[in-house]
Amino acid sequence: MEQRKMSRWICCPLLLFLSLMCQVQAQVENRVIFLPGTFQNVNVSQNETVQAVVSRIPPEVAFITLQFHTQHHNATLSYTRMPGLGMSLTAVDSALLTVLQPDQTSLSLFLSSPDGETVAGTGVILSYSSTDPVPGACNTEFNLELDPNIYIHYNIYETTISFAPANLGRARGQTAPPCDESTGSGTRWRLQYDVYQYFLPENDLSERSLFSGIQAVADIRGLMTSGRQVMTLLSTDKSMAAFNSIPGQGIIFSVVVRDPLLNTSASYVPVHTYACSFVSTLDGCQTLGKISTKVFFTITGLAGLFVCFFGHRFFKCELFCMGFSFAAFFFFVLITRTTELDYDIRLALSAVVGVVGGVLLVMSWWRFGSVMACIVVVGLMLGFLMASTVLFTPLGDLEVFRSSDVVFWVTFCSIMITVPLFFVRWPREGNIITCGVVGAYAVILAINAYIYTSLSYITLNILKRFLNNNFSAAFTDVPFQTIDYAMITVWVVLGVGGIILQLSRERSRPFFPPSPYLMWLQERERRKTNVLDPSHHFPSLPGRIMERARQLTKRREPVGEQTPLLL
């Protein structure tokens, strides 16, 4: 009995010691130590709070930003263990800025998962001196008092970023300079903001690719080396920028605030977007591209390949394809701007109207035989593609085109109308060139339905500008990577090959095939006037049909007595 009591007294302290050790171990596991400038991968489990600790902060550091990035799951970054309004931020790209006190050498922030699921991400601590501007220190729009974050919104047309204005730097313990008392050179109004973008590899939605890109542009040096500066905003400008949405293409945006007087700078926290949803079961990032779109553009690509090499030879087929494209495009614009129909219905109706447009163009040539009228429509197709290509280049991002829709559309229409003028002098050559260039581009659009390529935005940017009144304010930069150079090569090879083949094959043939209706009229007139022509005495088709019908329905009369043959 005494031995049993002794063992109970011995076991109780042992169990108590083990439980304390487990608690200490759990606290150690929920604590992550960050070193300035070094990325740290962190996993935040369900219903877990991870303490991010920064220690041994040098005295020359005035403020610190902790940024944490995930691919598509939200994470909460908070000043306190229990997140609260104005003390935390929940986002896929989140950051908190802490102004240090005079004797402060350590700092603790907290990470948690707001959606009750494990979140994996990467974070980094960046430190700044007292002369560096403080990002988001003059915030009056967002929840945090000091907000170094960039807020991003996107739709099918454009992606916009916005951020809070910065303030001048200050030493530890000093009062922050006022934000809006004056606009002199000694205030925050002298600050300038450089907006950068960084394109992730095309067709790569992996987490590894994103984290590599974030690490490349997290600080100022990496951003200036790897990123591309697209614009500079003054403090008097609105702190936002708009860009072209590219669904499925990963893009990282960041802003560097500069103090031109002290020649110092600081960076806002980079944000990323794919302009699509990772959690959507329909038309999400992983299943980008509707089946109807793939079917439509696959047929378009096959038709384009045929036109590229045989369009001029089979003139009626070429006219049908050009009329189809012309009518379907503008009807899609019209029905999208005026109705709220589903995308698949709009695409189907556009295809039906395109068929009607193609038939009307063929019938106009068949009935009236006016080649030049049809060639003008064909020339407008080439002019549309050439105008779209010119404004797809950096020329399209000039301020004069972004600030005025009138200037843009006047320039676009001028280029588009100029091209058919050359067809008046060289109609056959112009028609063959159109077949090669437009047909080869249709093949590129078909490939884009399965593998993303930036060349599709040559015409897609124009379509977006037709459909969205505010699209002119967006930068239309797109990434040009290996797949795009390969697609340019395919476009050039198909186009040049189709043009050379058709020019050599049609060299000895008539410029254009004659109108079937006019040929029929001439043949009928010839049969009426030329009595020596055997076909003059040959009954017409309706007459032959009626005669045949009478033969089938008329009762046969007996021809008389039939005598057997004599042997």
# chains A, B, ... in the order shown; residues from 1 in each chain; ligands from 1
>>> residues_around(residues="A:Met240", least_positions_apart="5", cutoff="10 Å", atoms="only C-alpha atoms", output="list in words")
Ile150, Tyr151, Ile152, Thr160, Ile161, Ser162, Phe163, Ala164, Val195 and Leu233 of chain A
>>> closest_residue(among="A:Ser404, A:Asn431, A:Thr339, A:Thr118", to="A:Gln46", atoms="only C-alpha atoms")
A:Thr118
>>> residues_around(residues="A:Met487", least_positions_apart="3", cutoff="9 Å", atoms="only C-alpha atoms", output="ChimeraX atom specification")
/A:444,447,453,455,482-484,490-492
>>> write_last_selection(atoms="all heavy atoms", output="compact mmCIF listing (two decimals), in the first residue's frame")
# COMPACT_ATOMS: atom_id res chain seq x y z
N ILE A 444 -3.16 31.59 -84.62
CA ILE A 444 -2.62 32.00 -83.33
C ILE A 444 -3.73 32.08 -82.29
O ILE A 444 -3.57 31.66 -81.13
CB ILE A 444 -1.89 33.34 -83.45
CG1 ILE A 444 -0.74 33.24 -84.46
CG2 ILE A 444 -1.37 33.81 -82.10
CD1 ILE A 444 0.31 32.24 -84.10
N ILE A 447 -4.58 28.60 -81.14
CA ILE A 447 -3.58 28.09 -80.20
C ILE A 447 -3.78 28.72 -78.82
O ILE A 447 -3.63 28.06 -77.78
CB ILE A 447 -2.16 28.36 -80.74
CG1 ILE A 447 -1.94 27.58 -82.04
CG2 ILE A 447 -1.10 27.98 -79.71
CD1 ILE A 447 -0.61 27.88 -82.71
N THR A 453 -0.97 32.95 -74.91
CA THR A 453 0.04 33.74 -75.61
C THR A 453 -0.41 35.19 -75.63
O THR A 453 -1.60 35.49 -75.79
CB THR A 453 0.26 33.24 -77.04
OG1 THR A 453 1.08 34.18 -77.74
CG2 THR A 453 -1.04 33.10 -77.79
N LEU A 455 -0.04 37.39 -77.81
CA LEU A 455 -0.43 37.90 -79.12
C LEU A 455 -1.95 38.00 -79.26
O LEU A 455 -2.44 38.77 -80.09
CB LEU A 455 0.13 37.02 -80.24
CG LEU A 455 1.65 36.97 -80.36
CD1 LEU A 455 2.06 36.15 -81.58
CD2 LEU A 455 2.25 38.36 -80.45
N THR A 482 9.07 33.36 -73.87
CA THR A 482 9.49 32.40 -74.89
C THR A 482 8.35 31.95 -75.78
O THR A 482 8.48 31.90 -77.02
CB THR A 482 10.14 31.17 -74.21
OG1 THR A 482 11.20 31.60 -73.35
CG2 THR A 482 10.68 30.22 -75.25
N ILE A 483 7.19 31.67 -75.19
CA ILE A 483 6.06 31.20 -75.98
C ILE A 483 5.60 32.27 -76.97
O ILE A 483 5.16 31.96 -78.09
CB ILE A 483 4.89 30.78 -75.04
CG1 ILE A 483 3.72 30.23 -75.83
CG2 ILE A 483 4.46 31.95 -74.19
CD1 ILE A 483 4.00 28.95 -76.55
N ASP A 484 5.72 33.54 -76.58
CA ASP A 484 5.28 34.62 -77.48
C ASP A 484 6.20 34.75 -78.69
O ASP A 484 5.73 34.97 -79.81
CB ASP A 484 5.22 35.94 -76.71
CG ASP A 484 4.26 35.85 -75.54
OD1 ASP A 484 3.09 35.50 -75.76
OD2 ASP A 484 4.69 36.12 -74.41
N VAL A 490 5.66 31.43 -85.65
CA VAL A 490 4.61 30.67 -86.34
C VAL A 490 3.78 31.60 -87.22
O VAL A 490 3.46 31.27 -88.38
CB VAL A 490 3.71 29.95 -85.30
CG1 VAL A 490 2.49 29.34 -85.99
CG2 VAL A 490 4.51 28.88 -84.58
N TRP A 491 3.43 32.76 -86.70
CA TRP A 491 2.64 33.73 -87.47
C TRP A 491 3.36 34.15 -88.74
O TRP A 491 2.80 34.17 -89.83
CB TRP A 491 2.33 34.93 -86.57
CG TRP A 491 1.34 35.90 -87.17
CD1 TRP A 491 0.61 35.74 -88.31
CD2 TRP A 491 0.97 37.17 -86.63
NE1 TRP A 491 -0.19 36.83 -88.52
CE2 TRP A 491 0.01 37.72 -87.51
CE3 TRP A 491 1.35 37.90 -85.50
CZ2 TRP A 491 -0.57 38.98 -87.28
CZ3 TRP A 491 0.77 39.14 -85.28
CH2 TRP A 491 -0.17 39.67 -86.16
N VAL A 492 4.65 34.48 -88.60
CA VAL A 492 5.43 34.94 -89.76
C VAL A 492 5.60 33.82 -90.77
O VAL A 492 5.43 34.02 -91.99
CB VAL A 492 6.79 35.48 -89.29
CG1 VAL A 492 7.69 35.76 -90.49
CG2 VAL A 492 6.61 36.75 -88.46
>>> select_by_dssp(residues="stretch 96-324 of chain A", states="strand (DSSP E)", output="PyMOL selection string")
chain A and resi 96-99+107-112+119-128+150-154+158-163+192-199+228-234+240-244+251-259+264-267+271-273
>>> atom_distance(atom1="atom CA of A:Ser78", atom2="atom CA of A:Gln215")
22.0 Å
>>> residues_around(residues="A:Ala449", least_positions_apart="2", cutoff="12 Å", atoms="only C-alpha atoms", output="mmCIF file with C-alpha atoms, in the first residue's frame")
data_model
loop_
_atom_site.group_PDB
_atom_site.id
_atom_site.type_symbol
_atom_site.label_atom_id
_atom_site.label_comp_id
_atom_site.auth_asym_id
_atom_site.auth_seq_id
_atom_site.Cartn_x
_atom_site.Cartn_y
_atom_site.Cartn_z
ATOM 1 C CA THR A 287 -9.826 25.710 -65.878
ATOM 2 C CA LEU A 288 -9.355 29.008 -67.666
ATOM 3 C CA GLY A 289 -11.157 29.134 -70.991
ATOM 4 C CA LYS A 290 -14.703 27.957 -71.617
ATOM 5 C CA ILE A 291 -15.440 24.934 -73.796
ATOM 6 C CA SER A 292 -17.529 27.127 -76.095
ATOM 7 C CA THR A 293 -14.567 29.451 -76.594
ATOM 8 C CA LYS A 294 -12.259 26.553 -77.413
ATOM 9 C CA VAL A 295 -14.726 25.104 -79.935
ATOM 10 C CA PHE A 296 -15.336 28.489 -81.547
ATOM 11 C CA PHE A 297 -11.668 29.371 -81.954
ATOM 12 C CA THR A 298 -10.652 25.862 -82.985
ATOM 13 C CA ILE A 299 -13.035 26.106 -85.943
ATOM 14 C CA THR A 300 -11.796 29.646 -86.573
ATOM 15 C CA GLY A 301 -8.197 28.436 -86.604
ATOM 16 C CA ALA A 442 -6.586 33.087 -86.766
ATOM 17 C CA VAL A 443 -4.319 30.080 -86.176
ATOM 18 C CA ILE A 444 -2.619 31.995 -83.328
ATOM 19 C CA LEU A 445 -6.021 32.680 -81.751
ATOM 20 C CA ALA A 446 -6.845 28.977 -81.941
ATOM 21 C CA ILE A 447 -3.575 28.089 -80.196
ATOM 22 C CA ILE A 451 -1.942 27.714 -74.461
ATOM 23 C CA TYR A 452 -1.787 31.332 -73.312
ATOM 24 C CA THR A 453 0.039 33.741 -75.606
ATOM 25 C CA SER A 454 0.192 37.523 -75.373
ATOM 26 C CA LEU A 455 -0.433 37.904 -79.124
ATOM 27 C CA SER A 456 -4.146 37.348 -78.537
#
>>> residues_around(residues="A:Ile64", least_positions_apart="5", cutoff="6 Å", atoms="only C-alpha atoms", output="count of residues only")
4
>>> closest_residue(among="A:Thr225, A:Ser267, A:Pro516, A:Asn41", to="A:Val362", atoms="only C-alpha atoms")
A:Pro516
>>> select_by_dssp(residues="stretch 412-505 of chain A", states="helix (DSSP H, G or I)", output="PyMOL selection string")
chain A and resi 412-425+427-448+454-467+471-473+482-505
>>> residues_around(residues="A:Leu146", least_positions_apart="4", cutoff="12 Å", atoms="only C-alpha atoms", output="list of chain:residue names")
A:Phe63, A:Ile64, A:Thr65, A:Tyr79, A:Gly86, A:Met87, A:Ser88, A:Leu89, A:Ala95, A:Leu96, A:Leu97, A:Thr98, A:Val99, A:Val134, A:Pro135, A:Gly136, A:Ala137, A:Cys138, A:Asn139, A:Thr140, A:Glu141, A:Phe142, A:Phe163, A:Ala164, A:Pro165, A:Ala166, A:Asn167, A:Ala176, A:Tyr268
>>> write_last_selection(atoms="N, CA, C and O atoms", output="compact mmCIF listing (two decimals), in the first residue's frame")
# COMPACT_ATOMS: atom_id res chain seq x y z
N PHE A 63 12.00 52.27 -38.42
CA PHE A 63 10.74 51.53 -38.53
C PHE A 63 10.97 50.26 -39.32
O PHE A 63 11.96 50.12 -40.06
N ILE A 64 10.06 49.31 -39.12
CA ILE A 64 10.19 47.97 -39.69
C ILE A 64 8.87 47.58 -40.33
O ILE A 64 7.79 47.90 -39.82
N THR A 65 8.94 46.88 -41.47
CA THR A 65 7.74 46.29 -42.08
C THR A 65 7.90 44.78 -42.12
O THR A 65 8.96 44.26 -42.50
N TYR A 79 -1.10 43.05 -34.88
CA TYR A 79 -0.21 43.58 -33.85
C TYR A 79 -0.40 42.84 -32.52
O TYR A 79 0.51 42.82 -31.70
N GLY A 86 -8.45 47.72 -37.17
CA GLY A 86 -7.42 48.73 -37.08
C GLY A 86 -6.10 48.22 -36.55
O GLY A 86 -5.11 48.96 -36.53
N MET A 87 -6.08 46.96 -36.08
CA MET A 87 -4.86 46.36 -35.54
C MET A 87 -4.42 45.15 -36.33
O MET A 87 -3.44 44.50 -35.95
N SER A 88 -5.11 44.82 -37.41
CA SER A 88 -4.77 43.62 -38.18
C SER A 88 -5.18 43.82 -39.64
O SER A 88 -5.96 44.72 -39.97
N LEU A 89 -4.67 42.94 -40.49
CA LEU A 89 -5.02 42.95 -41.91
C LEU A 89 -5.10 41.50 -42.39
O LEU A 89 -4.21 40.69 -42.11
N ALA A 95 0.88 43.16 -44.80
CA ALA A 95 2.06 43.71 -44.13
C ALA A 95 1.63 44.65 -43.03
O ALA A 95 0.55 45.25 -43.09
N LEU A 96 2.47 44.76 -42.02
CA LEU A 96 2.28 45.72 -40.94
C LEU A 96 3.56 46.52 -40.78
O LEU A 96 4.67 45.98 -40.92
N LEU A 97 3.39 47.80 -40.50
CA LEU A 97 4.53 48.70 -40.29
C LEU A 97 4.56 49.12 -38.84
O LEU A 97 3.53 49.53 -38.28
N THR A 98 5.72 49.03 -38.23
CA THR A 98 5.90 49.38 -36.82
C THR A 98 6.98 50.45 -36.69
O THR A 98 8.11 50.25 -37.15
N VAL A 99 6.59 51.58 -36.10
CA VAL A 99 7.56 52.64 -35.78
C VAL A 99 8.17 52.31 -34.43
O VAL A 99 7.44 52.15 -33.42
N VAL A 134 8.14 57.03 -44.98
CA VAL A 134 7.35 56.00 -44.31
C VAL A 134 6.15 55.67 -45.19
O VAL A 134 5.23 56.49 -45.32
N PRO A 135 6.10 54.48 -45.82
CA PRO A 135 4.97 54.15 -46.71
C PRO A 135 3.65 54.09 -45.96
O PRO A 135 3.55 53.49 -44.90
N GLY A 136 2.63 54.73 -46.51
CA GLY A 136 1.30 54.66 -45.95
C GLY A 136 1.10 55.40 -44.64
O GLY A 136 0.09 55.19 -43.96
N ALA A 137 2.02 56.30 -44.27
CA ALA A 137 1.91 56.99 -42.98
C ALA A 137 0.87 58.11 -43.00
O ALA A 137 0.51 58.62 -41.94
N CYS A 138 0.40 58.51 -44.18
CA CYS A 138 -0.65 59.52 -44.29
C CYS A 138 -1.94 58.88 -44.77
O CYS A 138 -2.64 59.43 -45.64
N ASN A 139 -2.25 57.72 -44.22
CA ASN A 139 -3.43 56.99 -44.63
C ASN A 139 -4.70 57.63 -44.06
O ASN A 139 -4.79 57.88 -42.86
N THR A 140 -5.67 57.87 -44.93
CA THR A 140 -6.99 58.36 -44.50
C THR A 140 -8.12 57.52 -45.09
O THR A 140 -9.28 57.84 -44.88
N GLU A 141 -7.77 56.46 -45.84
CA GLU A 141 -8.77 55.69 -46.56
C GLU A 141 -8.94 54.28 -46.03
O GLU A 141 -10.07 53.76 -45.98
N PHE A 142 -7.87 53.64 -45.61
CA PHE A 142 -7.92 52.23 -45.21
C PHE A 142 -7.92 52.11 -43.68
O PHE A 142 -7.81 53.11 -42.97
N PHE A 163 -3.07 52.75 -53.06
CA PHE A 163 -2.25 52.72 -51.85
C PHE A 163 -2.40 54.05 -51.12
O PHE A 163 -2.86 55.06 -51.70
N ALA A 164 -2.02 54.06 -49.85
CA ALA A 164 -2.10 55.27 -49.03
C ALA A 164 -0.84 56.10 -49.22
O ALA A 164 0.26 55.56 -49.39
N PRO A 165 -0.95 57.42 -49.20
CA PRO A 165 0.24 58.28 -49.36
C PRO A 165 1.24 58.07 -48.22
O PRO A 165 0.87 57.70 -47.09
N ALA A 166 2.49 58.33 -48.51
CA ALA A 166 3.56 58.19 -47.52
C ALA A 166 3.82 59.53 -46.83
O ALA A 166 3.28 60.57 -47.20
N ASN A 167 4.66 59.48 -45.81
CA ASN A 167 5.07 60.68 -45.09
C ASN A 167 6.59 60.70 -44.99
O ASN A 167 7.26 59.69 -45.26
N ALA A 176 5.56 62.59 -35.79
CA ALA A 176 5.47 62.51 -37.25
C ALA A 176 5.13 63.87 -37.82
O ALA A 176 4.31 64.61 -37.27
N TYR A 268 6.67 49.92 -50.81
CA TYR A 268 5.43 49.35 -50.32
C TYR A 268 5.52 47.82 -50.46
O TYR A 268 6.47 47.29 -51.03
>>> residues_around(residues="A:Thr236", least_positions_apart="5", cutoff="10 Å", atoms="only C-alpha atoms", output="VMD selection string")
chain A and resid 183 189 to 192
>>> write_last_selection(atoms="N, CA and C atoms", output="tab-separated table (two decimals), in the first residue's frame")
chain	number	residue	atom	x	y	z
A	183	THR	N	1.83	72.44	-48.36
A	183	THR	CA	2.33	71.68	-49.52
A	183	THR	C	3.72	72.13	-49.92
A	189	TRP	N	4.61	66.37	-49.57
A	189	TRP	CA	4.17	66.61	-50.95
A	189	TRP	C	5.32	66.60	-51.94
A	190	ARG	N	6.54	66.56	-51.45
A	190	ARG	CA	7.68	66.45	-52.37
A	190	ARG	C	7.97	65.00	-52.76
A	191	LEU	N	7.31	64.05	-52.12
A	191	LEU	CA	7.59	62.65	-52.39
A	191	LEU	C	7.05	62.25	-53.76
A	192	GLN	N	7.69	61.27	-54.36
A	192	GLN	CA	7.29	60.73	-55.66
A	192	GLN	C	7.14	59.21	-55.55
